[in-house]
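Structure file model27.txt; described as compact mmCIF, C-alpha atoms.
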# COMPACT_ATOMS: atom_id res chain seq x y z
CA MET A 207 112.16 69.34 136.04
CA LYS A 208 109.11 67.16 135.64
CA ASP A 209 105.72 68.84 135.11
CA LYS A 210 103.43 68.63 138.09
CA VAL A 211 100.50 66.25 137.85
CA LYS A 212 97.21 67.97 137.06
CA ILE A 213 94.34 67.41 139.49
CA LEU A 214 90.76 68.58 139.10
CA TYR A 215 88.65 69.03 142.24
CA ILE A 216 84.88 69.77 142.03
CA ASP A 217 83.03 70.97 145.16
CA ASP A 218 80.25 73.50 145.66
CA GLU A 219 81.71 74.57 149.03
CA LYS A 220 84.29 77.32 148.44
CA GLN A 221 86.12 76.75 151.72
CA ASN A 222 86.83 73.15 150.72
CA LEU A 223 88.27 74.29 147.40
CA THR A 224 90.41 76.94 149.11
CA SER A 225 91.68 74.43 151.67
CA PHE A 226 92.48 71.84 148.99
CA ARG A 227 94.33 74.37 146.84
CA ALA A 228 96.36 75.61 149.82
CA ASN A 229 97.40 72.10 150.85
CA PHE A 230 98.30 70.67 147.45
CA LYS A 231 99.28 73.56 145.15
CA ASN A 232 103.01 73.06 145.78
CA GLU A 233 102.90 69.36 144.89
CA TYR A 234 100.38 69.32 142.03
CA GLN A 235 98.81 71.57 139.42
CA VAL A 236 95.49 72.12 141.14
CA PHE A 237 92.36 73.10 139.19
CA THR A 238 89.09 73.68 141.03
CA ALA A 239 85.47 74.21 140.05
CA GLU A 240 82.38 75.08 142.10
CA ASN A 241 79.99 73.17 139.84
CA ALA A 242 79.86 70.44 137.25
CA ALA A 243 79.50 72.88 134.32
CA ASP A 244 82.79 74.61 135.17
CA GLY A 245 84.37 71.20 135.71
CA PHE A 246 83.38 70.03 132.21
CA LYS A 247 84.84 73.24 130.73
CA LEU A 248 88.19 72.53 132.39
CA LEU A 249 88.07 68.93 131.14
CA MET A 250 87.76 70.25 127.58
CA GLU A 251 90.99 72.22 128.04
CA HIS A 252 93.14 69.79 130.05
CA GLU A 253 93.82 66.11 130.58
CA PHE A 254 93.61 65.30 134.29
CA PRO A 255 95.20 62.10 135.64
CA VAL A 256 93.09 62.53 138.82
CA ILE A 257 89.53 63.87 139.06
CA ILE A 258 88.04 64.45 142.52
CA ALA A 259 84.40 65.29 143.14
CA ASP A 260 82.17 65.84 146.15
CA GLN A 261 79.09 63.62 146.13
CA ARG A 262 76.59 66.23 147.41
CA MET A 263 76.36 68.93 144.72
CA PRO A 264 73.36 70.81 143.25
CA LEU A 265 71.86 69.68 139.91
CA ILE A 266 74.25 66.73 139.49
CA SER A 267 75.83 64.42 142.08
CA GLY A 268 79.52 63.61 142.27
CA VAL A 269 78.91 60.03 141.03
CA GLU A 270 76.90 61.32 138.05
CA PHE A 271 79.61 63.84 137.21
CA LEU A 272 82.38 61.25 137.43
CA GLU A 273 80.32 58.79 135.38
CA GLN A 274 80.08 61.31 132.55
CA THR A 275 83.85 61.88 132.60
CA THR A 276 84.45 58.22 131.75
CA ILE A 277 83.27 58.83 128.17
CA ASP A 278 85.91 61.36 127.06
CA HIS A 279 88.48 60.70 129.79
CA PRO A 280 88.52 56.93 130.32
CA ASP A 281 92.11 56.86 131.60
CA SER A 282 91.58 59.38 134.41
CA ILE A 283 91.39 58.01 137.94
CA ARG A 284 88.29 59.17 139.83
CA LEU A 285 88.14 59.89 143.57
CA LEU A 286 84.85 60.60 145.37
CA LEU A 287 84.40 62.54 148.63
CA THR A 288 81.23 61.59 150.47
CA GLY A 289 79.39 61.54 153.75
CA TYR A 290 78.50 58.31 155.54
CA SER A 291 74.86 58.44 154.40
CA ASP A 292 75.92 58.07 150.75
CA ILE A 293 78.04 54.94 151.30
CA GLN A 294 75.67 52.60 149.37
CA THR A 295 75.78 54.91 146.35
CA VAL A 296 79.57 54.92 146.51
CA ILE A 297 79.76 51.13 146.65
CA GLU A 298 77.55 50.87 143.57
CA ALA A 299 79.71 53.44 141.76
CA ILE A 300 82.89 51.52 142.59
CA ASN A 301 81.33 48.27 141.41
CA ARG A 302 80.36 49.87 138.10
CA GLY A 303 83.93 51.14 137.66
CA GLN A 304 83.09 54.85 137.72
CA VAL A 305 85.02 55.51 140.93
CA SER A 306 88.41 54.05 141.83
CA LYS A 307 88.49 55.20 145.44
CA TYR A 308 86.48 57.21 147.95
CA LEU A 309 87.06 59.13 151.19
CA GLN A 310 84.54 60.16 153.79
CA LYS A 311 84.09 63.82 154.67
CA PRO A 312 85.38 65.79 156.40
CA TRP A 313 88.57 64.65 154.71
CA ASP A 314 91.87 64.30 156.49
CA ILE A 315 94.86 65.89 154.72
CA GLU A 316 97.16 62.91 155.28
CA LYS A 317 94.60 60.35 154.12
CA LEU A 318 93.63 62.47 151.13
CA SER A 319 97.29 62.86 150.17
CA MET A 320 97.77 59.10 150.33
CA ALA A 321 94.62 58.55 148.25
CA ILE A 322 95.84 60.98 145.57
CA ASP A 323 99.26 59.27 145.49
CA HIS A 324 97.48 55.95 145.01
CA CYS A 325 95.40 57.39 142.15
CA ILE A 326 98.51 58.79 140.42
CA THR A 327 100.30 55.45 140.74
CA LEU A 328 97.27 53.72 139.24
CA TYR A 329 97.11 56.27 136.40
CA ASN A 330 100.82 55.82 135.62
CA SER A 331 100.42 52.04 135.66
CA LYS A 332 97.51 52.26 133.22
CA ALA A 333 99.49 54.63 131.00
CA GLU A 334 102.48 52.26 131.00
CA LEU A 335 100.23 49.29 130.22
CA LYS A 336 98.63 51.25 127.37
CA LYS A 337 102.09 52.07 126.03
CA LYS A 338 103.18 48.43 126.26
CA ASN A 339 99.98 47.29 124.53
CA LEU A 340 100.61 49.75 121.72
CA GLU A 341 104.20 48.52 121.39
CA LEU A 342 102.93 44.94 121.37
CA GLN A 343 100.36 45.80 118.70
CA ILE A 344 103.10 47.34 116.54
CA ALA A 345 105.33 44.30 117.11
CA ASN A 346 102.46 41.99 116.14
CA GLU A 347 101.86 43.94 112.95
CA GLU A 348 105.57 43.72 112.11
CA LEU A 349 105.50 40.00 112.85
CA ASN A 350 102.48 39.59 110.57
CA ARG A 351 104.38 41.31 107.78
CA PHE A 352 107.42 39.15 108.49
CA VAL A 353 105.40 35.93 108.30
CA TYR A 354 103.80 37.11 105.07
CA SER A 355 107.30 37.78 103.75
CA ILE A 356 108.36 34.25 104.71
CA SER A 357 105.33 32.66 103.10
CA HIS A 358 105.52 34.73 99.92
CA ASP A 359 109.09 35.94 99.38
CA ILE A 360 110.75 32.69 100.45
CA ARG A 361 108.32 29.92 99.55
CA SER A 362 107.59 31.32 96.07
CA PRO A 363 111.24 31.11 94.92
CA LEU A 364 111.50 27.62 96.42
CA THR A 365 108.47 26.53 94.42
CA SER A 366 110.08 27.95 91.29
CA VAL A 367 113.30 26.04 91.97
CA LEU A 368 111.36 22.81 92.40
CA GLY A 369 109.55 23.47 89.13
CA ILE A 370 112.84 23.94 87.29
CA ILE A 371 114.24 20.75 88.80
CA ASN A 372 111.19 18.82 87.62
CA LEU A 373 111.78 20.12 84.09
CA THR A 374 115.25 18.56 84.06
CA HIS A 375 113.65 15.10 83.98
CA VAL A 376 112.50 15.65 80.40
CA ILE A 377 115.84 16.95 79.11
CA PRO A 378 117.93 13.97 77.87
CA GLU A 379 121.21 15.91 78.02
CA LEU A 380 120.78 16.28 81.80
CA LYS A 381 120.20 12.58 82.50
CA GLU A 382 123.64 12.06 84.00
CA ALA A 383 123.16 15.05 86.31
CA GLN A 384 119.85 13.76 87.72
CA PRO A 385 121.38 12.47 90.98
CA TYR A 386 122.65 15.97 91.72
CA PHE A 387 119.30 17.53 90.91
CA GLU A 388 117.65 15.02 93.25
CA MET A 389 120.03 16.09 96.02
CA ILE A 390 119.11 19.71 95.38
CA LYS A 391 115.41 18.82 95.37
CA GLU A 392 115.74 17.00 98.67
CA ARG A 393 117.32 20.03 100.36
CA VAL A 394 114.81 22.44 98.82
CA ASP A 395 111.94 20.21 100.00
CA HIS A 396 113.46 20.21 103.46
CA LEU A 397 113.77 24.00 103.53
CA ASP A 398 110.24 24.46 102.19
CA GLY A 399 108.90 22.05 104.82
CA PHE A 400 110.71 23.93 107.58
CA VAL A 401 109.35 27.28 106.39
CA LYS A 402 105.84 25.78 106.28
CA LYS A 403 106.23 24.56 109.87
CA LEU A 404 107.29 28.03 110.99
CA ILE A 405 104.18 29.47 109.37
CA ASP A 406 102.02 26.75 110.98
CA TYR A 407 103.59 27.50 114.37
CA TYR A 408 102.84 31.20 114.02
CA LYS A 409 99.28 30.78 112.75
CA ASN A 410 98.44 28.10 115.31
CA SER A 411 99.60 30.27 118.21
CA ARG A 412 97.80 33.39 117.00
CA SER A 413 94.73 32.31 115.07
CA GLU A 414 91.35 32.48 116.75
CA ASP A 415 89.70 29.16 117.50
CA SER A 416 87.40 28.17 114.65
CA ILE A 417 84.35 25.93 114.92
CA GLU A 418 82.82 24.78 111.64
CA LEU A 419 81.68 21.66 109.84
CA VAL A 420 84.78 19.65 108.88
CA GLU A 421 84.70 17.47 105.78
CA ILE A 422 87.20 14.87 106.98
CA ARG A 423 87.60 13.07 103.65
CA THR A 424 88.25 16.35 101.81
CA LEU A 425 90.79 17.34 104.43
CA LEU A 426 92.55 13.99 104.15
CA ASN A 427 92.55 14.14 100.35
CA GLU A 428 94.46 17.42 100.55
CA THR A 429 96.98 15.87 102.95
CA HIS A 430 97.22 12.76 100.76
CA ALA A 431 98.10 14.87 97.71
CA TYR A 432 100.50 17.14 99.59
CA LEU A 433 102.49 14.24 101.08
CA HIS A 434 102.35 12.01 97.96
CA LEU A 435 100.98 9.08 99.97
CA ASP A 436 100.24 7.23 96.73
CA GLU A 437 103.92 6.48 96.11
CA LYS A 438 104.68 2.81 95.35
CA SER A 439 106.94 2.55 98.38
CA ILE A 440 104.10 3.60 100.73
CA GLU A 441 101.20 1.39 101.73
CA PHE A 442 98.66 3.82 103.13
CA THR A 443 95.32 2.63 104.47
CA CYS A 444 92.58 4.79 105.91
CA GLU A 445 89.42 3.72 107.71
CA ILE A 446 86.78 6.26 108.71
CA ASP A 447 83.80 5.34 110.87
CA GLN A 448 81.73 8.54 110.86
CA GLN A 449 78.57 8.25 112.90
CA SER A 450 78.00 11.99 113.17
CA PRO A 451 78.99 15.28 111.49
CA PHE A 452 82.11 16.74 113.07
CA TYR A 453 82.39 20.38 114.05
CA GLY A 454 85.86 21.63 114.87
CA ASP A 455 88.86 23.57 113.59
CA PRO A 456 89.78 22.39 110.05
CA TYR A 457 93.02 24.37 109.93
CA ARG A 458 94.41 22.86 113.14
CA LEU A 459 93.18 19.38 112.18
CA GLY A 460 95.12 19.79 108.94
CA ILE A 461 98.23 20.65 110.96
CA VAL A 462 97.82 17.45 112.98
CA PHE A 463 97.37 15.17 109.96
CA ASP A 464 100.13 16.84 107.90
CA ASN A 465 102.74 16.69 110.64
CA LEU A 466 102.04 13.21 111.99
CA LEU A 467 101.80 11.60 108.57
CA SER A 468 104.90 13.40 107.29
CA ASN A 469 106.74 12.17 110.40
CA SER A 470 105.81 8.61 109.48
CA ILE A 471 107.33 9.17 106.05
CA LYS A 472 110.41 10.91 107.38
CA TYR A 473 111.20 8.26 109.97
CA ARG A 474 110.50 5.21 107.84
CA ASP A 475 112.64 2.11 108.32
CA PRO A 476 115.01 1.77 105.31
CA GLU A 477 115.37 -1.95 106.03
CA LYS A 478 111.71 -2.59 105.26
CA PRO A 479 110.57 -2.83 101.62
CA LYS A 480 107.45 -0.75 102.23
CA LEU A 481 106.41 1.94 104.64
CA GLN A 482 103.06 0.99 106.12
CA ILE A 483 100.88 3.79 107.47
CA ARG A 484 97.45 3.11 108.91
CA LEU A 485 95.01 5.87 109.76
CA GLU A 486 91.87 5.01 111.74
CA ILE A 487 89.22 7.63 112.53
CA MET A 488 86.02 7.23 114.50
CA ILE A 489 83.60 10.15 114.86
CA THR A 490 80.69 10.23 117.28
CA THR A 491 78.51 13.07 118.53
CA GLN A 492 80.91 13.48 121.45
CA LYS A 493 84.38 13.22 119.92
CA MET A 494 86.74 12.25 117.14
CA GLU A 495 89.25 9.50 117.87
CA ILE A 496 92.30 9.30 115.60
CA LYS A 497 94.89 6.55 115.51
CA ILE A 498 97.95 6.85 113.28
CA SER A 499 100.30 3.88 113.25
CA ASP A 500 103.34 3.03 111.14
CA ASN A 501 106.13 0.46 110.87
CA GLY A 502 108.93 3.02 111.03
CA ILE A 503 112.16 3.10 113.02
CA GLY A 504 110.30 3.76 116.27
CA ILE A 505 111.22 5.90 119.27
CA GLU A 506 113.10 4.78 122.36
CA GLU A 507 110.99 4.80 125.51
CA LYS A 508 113.30 7.29 127.24
CA HIS A 509 112.41 9.89 124.59
CA LEU A 510 108.63 9.45 124.54
CA ASN A 511 107.89 12.05 127.24
CA LYS A 512 110.06 14.66 125.49
CA ILE A 513 109.19 14.42 121.80
CA PHE A 514 106.48 17.11 122.08
CA ASN A 515 108.98 19.66 123.47
CA LEU A 516 109.96 22.51 121.16
CA PHE A 517 113.13 21.75 119.14
CA TYR A 518 113.61 18.38 120.85
CA ARG A 519 115.08 15.66 118.66
CA ALA A 520 115.96 12.16 119.84
CA GLU A 521 119.54 11.06 119.21
CA ASP A 522 118.40 8.31 116.84
CA SER A 523 116.66 10.86 114.66
CA LEU A 524 119.49 13.40 114.43
CA LYS A 525 120.62 11.92 111.14
CA LYS A 526 117.15 12.69 109.73
CA SER A 527 116.19 16.11 108.42
CA GLY A 528 113.64 16.96 111.10
CA SER A 529 113.28 20.45 112.57
CA GLY A 530 112.18 19.48 116.07
CA ILE A 531 109.07 21.69 115.95
CA GLY A 532 106.51 19.51 114.13
CA LEU A 533 105.31 17.50 117.14
CA TYR A 534 105.31 20.62 119.31
CA ILE A 535 102.98 22.30 116.81
CA VAL A 536 100.78 19.17 116.83
CA LYS A 537 100.53 19.24 120.63
CA GLU A 538 99.68 22.97 120.67
CA ALA A 539 97.08 22.58 117.91
CA ILE A 540 95.41 19.74 119.82
CA LYS A 541 95.51 21.80 123.02
CA HIS A 542 93.69 24.63 121.20
CA MET A 543 91.02 22.10 120.22
CA ARG A 544 90.82 20.92 123.86
CA GLY A 545 91.97 17.46 122.84
CA GLN A 546 94.58 14.98 124.00
CA ILE A 547 97.40 13.06 122.33
CA THR A 548 99.38 10.04 123.50
CA VAL A 549 102.16 8.06 121.87
CA GLU A 550 103.50 4.52 122.13
CA SER A 551 106.45 3.19 120.20
CA LYS A 552 108.97 0.37 119.92
CA ILE A 553 112.33 0.51 118.24
CA ASN A 554 112.34 -1.14 114.77
CA GLN A 555 108.61 -1.90 115.08
CA GLY A 556 106.90 1.45 114.68
CA THR A 557 104.95 4.22 116.39
CA ILE A 558 101.30 4.78 117.27
CA PHE A 559 99.72 8.18 117.99
CA ASN A 560 96.28 8.24 119.62
CA ILE A 561 94.35 11.49 119.54
CA THR A 562 90.98 12.47 120.99
CA ILE A 563 89.29 15.74 120.01
CA PRO A 564 85.87 16.88 121.28
CA ASN A 565 83.07 17.23 118.74
CA ASN A 566 81.56 20.73 118.93
CA LEU A 567 78.37 19.56 117.24
CA LYS A 568 76.22 21.13 119.98
CA ASN A 569 77.74 24.56 119.26
CA ASP A 570 76.36 24.65 115.72
CA ARG A 571 73.38 27.00 115.80
CA ASN A 572 71.88 25.61 112.63
CA ASP A 573 71.29 22.16 114.15

Mind converting the file's structure to structure tokens?
Amino acid sequence: MKDKVKILYIDDEKQNLTSFRANFKNEYQVFTAENAADGFKLLMEHEFPVIIADQRMPLISGVEFLEQTTIDHPDSIRLLLTGYSDIQTVIEAINRGQVSKYLQKPWDIEKLSMAIDHCITLYNSKAELKKKNLELQIANEELNRFVYSISHDIRSPLTSVLGIINLTHVIPELKEAQPYFEMIKERVDHLDGFVKKLIDYYKNSRSEDSIELVEIRTLLNETHAYLHLDEKSIEFTCEIDQQSPFYGDPYRLGIVFDNLLSNSIKYRDPEKPKLQIRLEIMITTQKMEIKISDNGIGIEEKHLNKIFNLFYRAEDSLKKSGSGIGLYIVKEAIKHMRGQITVESKINQGTIFNITIPNNLKNDRND
């Protein structure tokens, strides 16, 4: 059998306490006190889902008593009994969150019973929400550990494998096996790239928005090195027209550059002798405009409104080693930065991404 809900009722009129106890003792565990001091003693000994107080009491009013209970008993639901003349005080107490509900005296048994039921329902809902929040917090902590495991326990061995493969280039006896090592390297690169995208997806969705001075050239140099844009088969040009410092989120900007430029490399046209990638950036006090264009295989028009969907891959790209999450991460990162992205493309001609991101220059307190 379930334990009865505990209710504390404070009132300096004994007949009210007697009447309340007689009417509700069978349904609840009723505790009563004739003054605030006795009420506080009971609160030290028990946890009450519902606390009821009369407004007119000596030394301390019902609102003052209930206000003090919010410190050590924030989850309790507070009910105030009051006369009509105290209605303005009650409204102020409700607005400040110290009282959840009130009834005018003399109280009616049926109305009071309904009010108590409402308070218990509210208490149970808060308790369930608190439980769910705790479960969510635990799940988030487990997810954080899982992502750390992915980034450390999976990517570290992959890096080691790539290092070993690179060593094979300087061993003459393994020259004939180089094509096989290159195949292994290609698959390891693909797996490492996929793991990195999973980490980017997680961090982008959970990281707080960051506003700081972004050194665009430094950021691009890191992307340039990571993607090996200096390869002979790639003709990469970059033009930056920076008329103002740019304040934004460097991590999410890095996600945008890494994914869009790597897409250009991944979906290059094998029929063309060189992959041409052009990056144009203009920064003003209001915004950053980014244009990334390439001469890759292009995207059919029927796919253009779907390529930012999670795990979506156009039929023409299925033979490529894409994961279908890169452009989704780009879209979400840009959304976090309150920006916009559009795409235009033609088969066998190439693709152009246009991005606009607000400049948070005015938010920098040092300016």

To one decimal place in Å, what is the distance between atom CA of A:Lys568 and atom CA of A:Ala539?
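Answer for the atom CA of A:Lys568 to atom CA of A:Ala539 separation: 21.0 Å.
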
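Taking all atoms listed in the file into account, the protein, DNA and RNA residues within 10 Å of (95.5, 14.6, 120.7) read Val462, Met494, Glu495, Ile496, Lys497, Val536, Lys537, Glu538, Ala539, Ile540, Lys541, Met543, Arg544, Gly545, Gln546, Ile547, Thr548, Val549, Phe559, Asn560, Ile561, Thr562, Ile563 and Pro564 of chain A.
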
Export of prior selection with C-alpha atoms as an mmCIF file, keeping the file's coordinate frame:
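Writing the result to selection-v6.cif gives the following:
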data_model
loop_
_atom_site.group_PDB
_atom_site.id
_atom_site.type_symbol
_atom_site.label_atom_id
_atom_site.label_comp_id
_atom_site.auth_asym_id
_atom_site.auth_seq_id
_atom_site.Cartn_x
_atom_site.Cartn_y
_atom_site.Cartn_z
ATOM 1 C CA VAL A 462 97.820 17.450 112.980
ATOM 2 C CA MET A 494 86.740 12.250 117.140
ATOM 3 C CA GLU A 495 89.250 9.500 117.870
ATOM 4 C CA ILE A 496 92.300 9.300 115.600
ATOM 5 C CA LYS A 497 94.890 6.550 115.510
ATOM 6 C CA VAL A 536 100.780 19.170 116.830
ATOM 7 C CA LYS A 537 100.530 19.240 120.630
ATOM 8 C CA GLU A 538 99.680 22.970 120.670
ATOM 9 C CA ALA A 539 97.080 22.580 117.910
ATOM 10 C CA ILE A 540 95.410 19.740 119.820
ATOM 11 C CA LYS A 541 95.510 21.800 123.020
ATOM 12 C CA MET A 543 91.020 22.100 120.220
ATOM 13 C CA ARG A 544 90.820 20.920 123.860
ATOM 14 C CA GLY A 545 91.970 17.460 122.840
ATOM 15 C CA GLN A 546 94.580 14.980 124.000
ATOM 16 C CA ILE A 547 97.400 13.060 122.330
ATOM 17 C CA THR A 548 99.380 10.040 123.500
ATOM 18 C CA VAL A 549 102.160 8.060 121.870
ATOM 19 C CA PHE A 559 99.720 8.180 117.990
ATOM 20 C CA ASN A 560 96.280 8.240 119.620
ATOM 21 C CA ILE A 561 94.350 11.490 119.540
ATOM 22 C CA THR A 562 90.980 12.470 120.990
ATOM 23 C CA ILE A 563 89.290 15.740 120.010
ATOM 24 C CA PRO A 564 85.870 16.880 121.280
#

Residues within 10 Å of A:Pro264, please, as a PyMOL selection string. Count all atoms listed in the file; anything in the same chain fewer than 4 positions from it doesn't count.
chain A and resi 217-218+241-242+268

Within 12 Å of stretch 362-372 of chain A, which residues of stretch 384-434 of chain A show up? Give each one with its shortest atom-to-atom distance in Å (one decimal) and the two atoms involved, counting only C-alpha atoms, rows by chain then rising residue number, as CSV.
residue,atom,partner,partner_atom,distance
A:Gln384,CA,A:Ile371,CA,9.0
A:Pro385,CA,A:Ile371,CA,11.1
A:Tyr386,CA,A:Ile371,CA,10.1
A:Phe387,CA,A:Ile371,CA,6.4
A:Glu388,CA,A:Ile371,CA,8.0
A:Met389,CA,A:Ile371,CA,10.4
A:Ile390,CA,A:Ile371,CA,8.3
A:Lys391,CA,A:Leu368,CA,6.4
A:Glu392,CA,A:Leu368,CA,9.6
A:Arg393,CA,A:Leu368,CA,10.3
A:Val394,CA,A:Leu364,CA,6.6
A:Asp395,CA,A:Leu368,CA,8.1
A:His396,CA,A:Leu364,CA,10.4
A:Leu397,CA,A:Leu364,CA,8.3
A:Asp398,CA,A:Leu364,CA,6.7
A:Gly399,CA,A:Leu364,CA,10.4
A:Phe400,CA,A:Leu364,CA,11.8
A:Val401,CA,A:Leu364,CA,10.2
A:Lys402,CA,A:Leu364,CA,11.5

Around (109.4, 26.3, 117.6) in the file's own coordinates, what residues are found within 12 Å if you use all atoms listed in the file, given back as a PDB file with C-alpha atoms, in the frame of the given file?
ATOM      1  CA  PHE A 400     110.710  23.930 107.580  1.00  0.00           C
ATOM      2  CA  VAL A 401     109.350  27.280 106.390  1.00  0.00           C
ATOM      3  CA  LYS A 402     105.840  25.780 106.280  1.00  0.00           C
ATOM      4  CA  LYS A 403     106.230  24.560 109.870  1.00  0.00           C
ATOM      5  CA  LEU A 404     107.290  28.030 110.990  1.00  0.00           C
ATOM      6  CA  ILE A 405     104.180  29.470 109.370  1.00  0.00           C
ATOM      7  CA  ASP A 406     102.020  26.750 110.980  1.00  0.00           C
ATOM      8  CA  TYR A 407     103.590  27.500 114.370  1.00  0.00           C
ATOM      9  CA  TYR A 408     102.840  31.200 114.020  1.00  0.00           C
ATOM     10  CA  ASN A 410      98.440  28.100 115.310  1.00  0.00           C
ATOM     11  CA  SER A 411      99.600  30.270 118.210  1.00  0.00           C
ATOM     12  CA  PHE A 514     106.480  17.110 122.080  1.00  0.00           C
ATOM     13  CA  ASN A 515     108.980  19.660 123.470  1.00  0.00           C
ATOM     14  CA  LEU A 516     109.960  22.510 121.160  1.00  0.00           C
ATOM     15  CA  PHE A 517     113.130  21.750 119.140  1.00  0.00           C
ATOM     16  CA  TYR A 518     113.610  18.380 120.850  1.00  0.00           C
ATOM     17  CA  SER A 529     113.280  20.450 112.570  1.00  0.00           C
ATOM     18  CA  GLY A 530     112.180  19.480 116.070  1.00  0.00           C
ATOM     19  CA  ILE A 531     109.070  21.690 115.950  1.00  0.00           C
ATOM     20  CA  GLY A 532     106.510  19.510 114.130  1.00  0.00           C
ATOM     21  CA  LEU A 533     105.310  17.500 117.140  1.00  0.00           C
ATOM     22  CA  TYR A 534     105.310  20.620 119.310  1.00  0.00           C
ATOM     23  CA  ILE A 535     102.980  22.300 116.810  1.00  0.00           C
ATOM     24  CA  VAL A 536     100.780  19.170 116.830  1.00  0.00           C
ATOM     25  CA  LYS A 537     100.530  19.240 120.630  1.00  0.00           C
ATOM     26  CA  GLU A 538      99.680  22.970 120.670  1.00  0.00           C
TER      27      GLU A 538
END

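For the pair atom CA of A:Thr327 and atom CA of A:Val305, the separation is 15.3 Å.
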
Å distance separating atom CA of A:Ile446 from atom CA of A:Leu567, one decimal place:
17.9 Å

At a cut-off of 8 Å, using only C-alpha atoms, what residues contact A:Leu481? Leave out same-chain residues fewer than 4 positions from it and give the result as a list in words.
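Answer for this query is Ser439, Ile440, Glu441, Ile471, Arg474, Asp475, Asp500, Asn501 and Gly502 of chain A.
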
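Between A:Gln310 and the candidates A:Leu466, A:Val296, A:Ile283, A:Ile483, the tightest atom-to-atom separation, counting all atoms listed in the file, involves A:Val296.
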
Residues within 12 Å of A:Asn229, all atoms listed in the file, excluding chain neighbours under 5 positions, as an NGL selection string:
:A and (222-224 or 234-236 or 314-316 or 318-319)

May I have the residues from that selection written out with C-alpha atoms, as a short mmCIF file (atom, residue, chain, number, x, y, z; two decimals), keeping the file's coordinate frame?
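Output saved as selection.cif:
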data_model
loop_
_atom_site.label_atom_id
_atom_site.label_comp_id
_atom_site.auth_asym_id
_atom_site.auth_seq_id
_atom_site.Cartn_x
_atom_site.Cartn_y
_atom_site.Cartn_z
CA ASN A 222 86.83 73.15 150.72
CA LEU A 223 88.27 74.29 147.40
CA THR A 224 90.41 76.94 149.11
CA TYR A 234 100.38 69.32 142.03
CA GLN A 235 98.81 71.57 139.42
CA VAL A 236 95.49 72.12 141.14
CA ASP A 314 91.87 64.30 156.49
CA ILE A 315 94.86 65.89 154.72
CA GLU A 316 97.16 62.91 155.28
CA LEU A 318 93.63 62.47 151.13
CA SER A 319 97.29 62.86 150.17
#

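For the choices A:Pro456, A:Leu485, A:Asp281, A:Arg262, the atom-to-atom distance to A:Lys336 is smallest for A:Asp281 when using all atoms listed in the file.
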
Counting all atoms listed in the file, the option among A:Leu425, A:Ala228, A:Leu309, A:Ile300 closest to A:Phe463
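Answer, going by the shortest atom-to-atom distance: A:Leu425.
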
Of the residues A:Leu248, A:Ile503, A:Ile344, A:Leu433, which is the one nearest to A:Gly556, using only C-alpha atoms?
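With only C-alpha atoms as the atom set, the closest residue is A:Ile503.
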
Mind dumping stretch 490-501 of chain A from that block, keeping N, CA and C atoms, as a PDB file, in the first residue's frame?
ATOM      1  N   THR A 490      32.768  42.562 -43.381  1.00  0.00           N
ATOM      2  CA  THR A 490      32.441  43.946 -43.047  1.00  0.00           C
ATOM      3  C   THR A 490      32.061  43.988 -41.563  1.00  0.00           C
ATOM      4  N   THR A 491      31.708  45.161 -41.087  1.00  0.00           N
ATOM      5  CA  THR A 491      31.308  45.284 -39.685  1.00  0.00           C
ATOM      6  C   THR A 491      30.001  44.550 -39.411  1.00  0.00           C
ATOM      7  N   GLN A 492      29.218  44.313 -40.476  1.00  0.00           N
ATOM      8  CA  GLN A 492      27.927  43.659 -40.298  1.00  0.00           C
ATOM      9  C   GLN A 492      27.973  42.134 -40.470  1.00  0.00           C
ATOM     10  N   LYS A 493      28.820  41.638 -41.376  1.00  0.00           N
ATOM     11  CA  LYS A 493      28.730  40.213 -41.702  1.00  0.00           C
ATOM     12  C   LYS A 493      29.997  39.701 -42.388  1.00  0.00           C
ATOM     13  N   MET A 494      30.051  38.383 -42.495  1.00  0.00           N
ATOM     14  CA  MET A 494      31.064  37.721 -43.302  1.00  0.00           C
ATOM     15  C   MET A 494      30.333  36.989 -44.426  1.00  0.00           C
ATOM     16  N   GLU A 495      30.761  37.224 -45.642  1.00  0.00           N
ATOM     17  CA  GLU A 495      30.204  36.524 -46.793  1.00  0.00           C
ATOM     18  C   GLU A 495      31.261  35.564 -47.335  1.00  0.00           C
ATOM     19  N   ILE A 496      30.885  34.315 -47.491  1.00  0.00           N
ATOM     20  CA  ILE A 496      31.805  33.269 -47.947  1.00  0.00           C
ATOM     21  C   ILE A 496      31.250  32.638 -49.216  1.00  0.00           C
ATOM     22  N   LYS A 497      32.104  32.487 -50.195  1.00  0.00           N
ATOM     23  CA  LYS A 497      31.720  31.807 -51.431  1.00  0.00           C
ATOM     24  C   LYS A 497      32.763  30.734 -51.731  1.00  0.00           C
ATOM     25  N   ILE A 498      32.314  29.494 -51.801  1.00  0.00           N
ATOM     26  CA  ILE A 498      33.204  28.379 -52.123  1.00  0.00           C
ATOM     27  C   ILE A 498      32.716  27.738 -53.420  1.00  0.00           C
ATOM     28  N   SER A 499      33.548  27.781 -54.433  1.00  0.00           N
ATOM     29  CA  SER A 499      33.147  27.220 -55.735  1.00  0.00           C
ATOM     30  C   SER A 499      34.196  26.214 -56.197  1.00  0.00           C
ATOM     31  N   ASP A 500      33.754  25.225 -56.960  1.00  0.00           N
ATOM     32  CA  ASP A 500      34.678  24.225 -57.493  1.00  0.00           C
ATOM     33  C   ASP A 500      34.215  23.781 -58.880  1.00  0.00           C
ATOM     34  N   ASN A 501      35.045  23.004 -59.555  1.00  0.00           N
ATOM     35  CA  ASN A 501      34.702  22.476 -60.876  1.00  0.00           C
ATOM     36  C   ASN A 501      34.488  20.963 -60.815  1.00  0.00           C
TER      37      ASN A 501
END
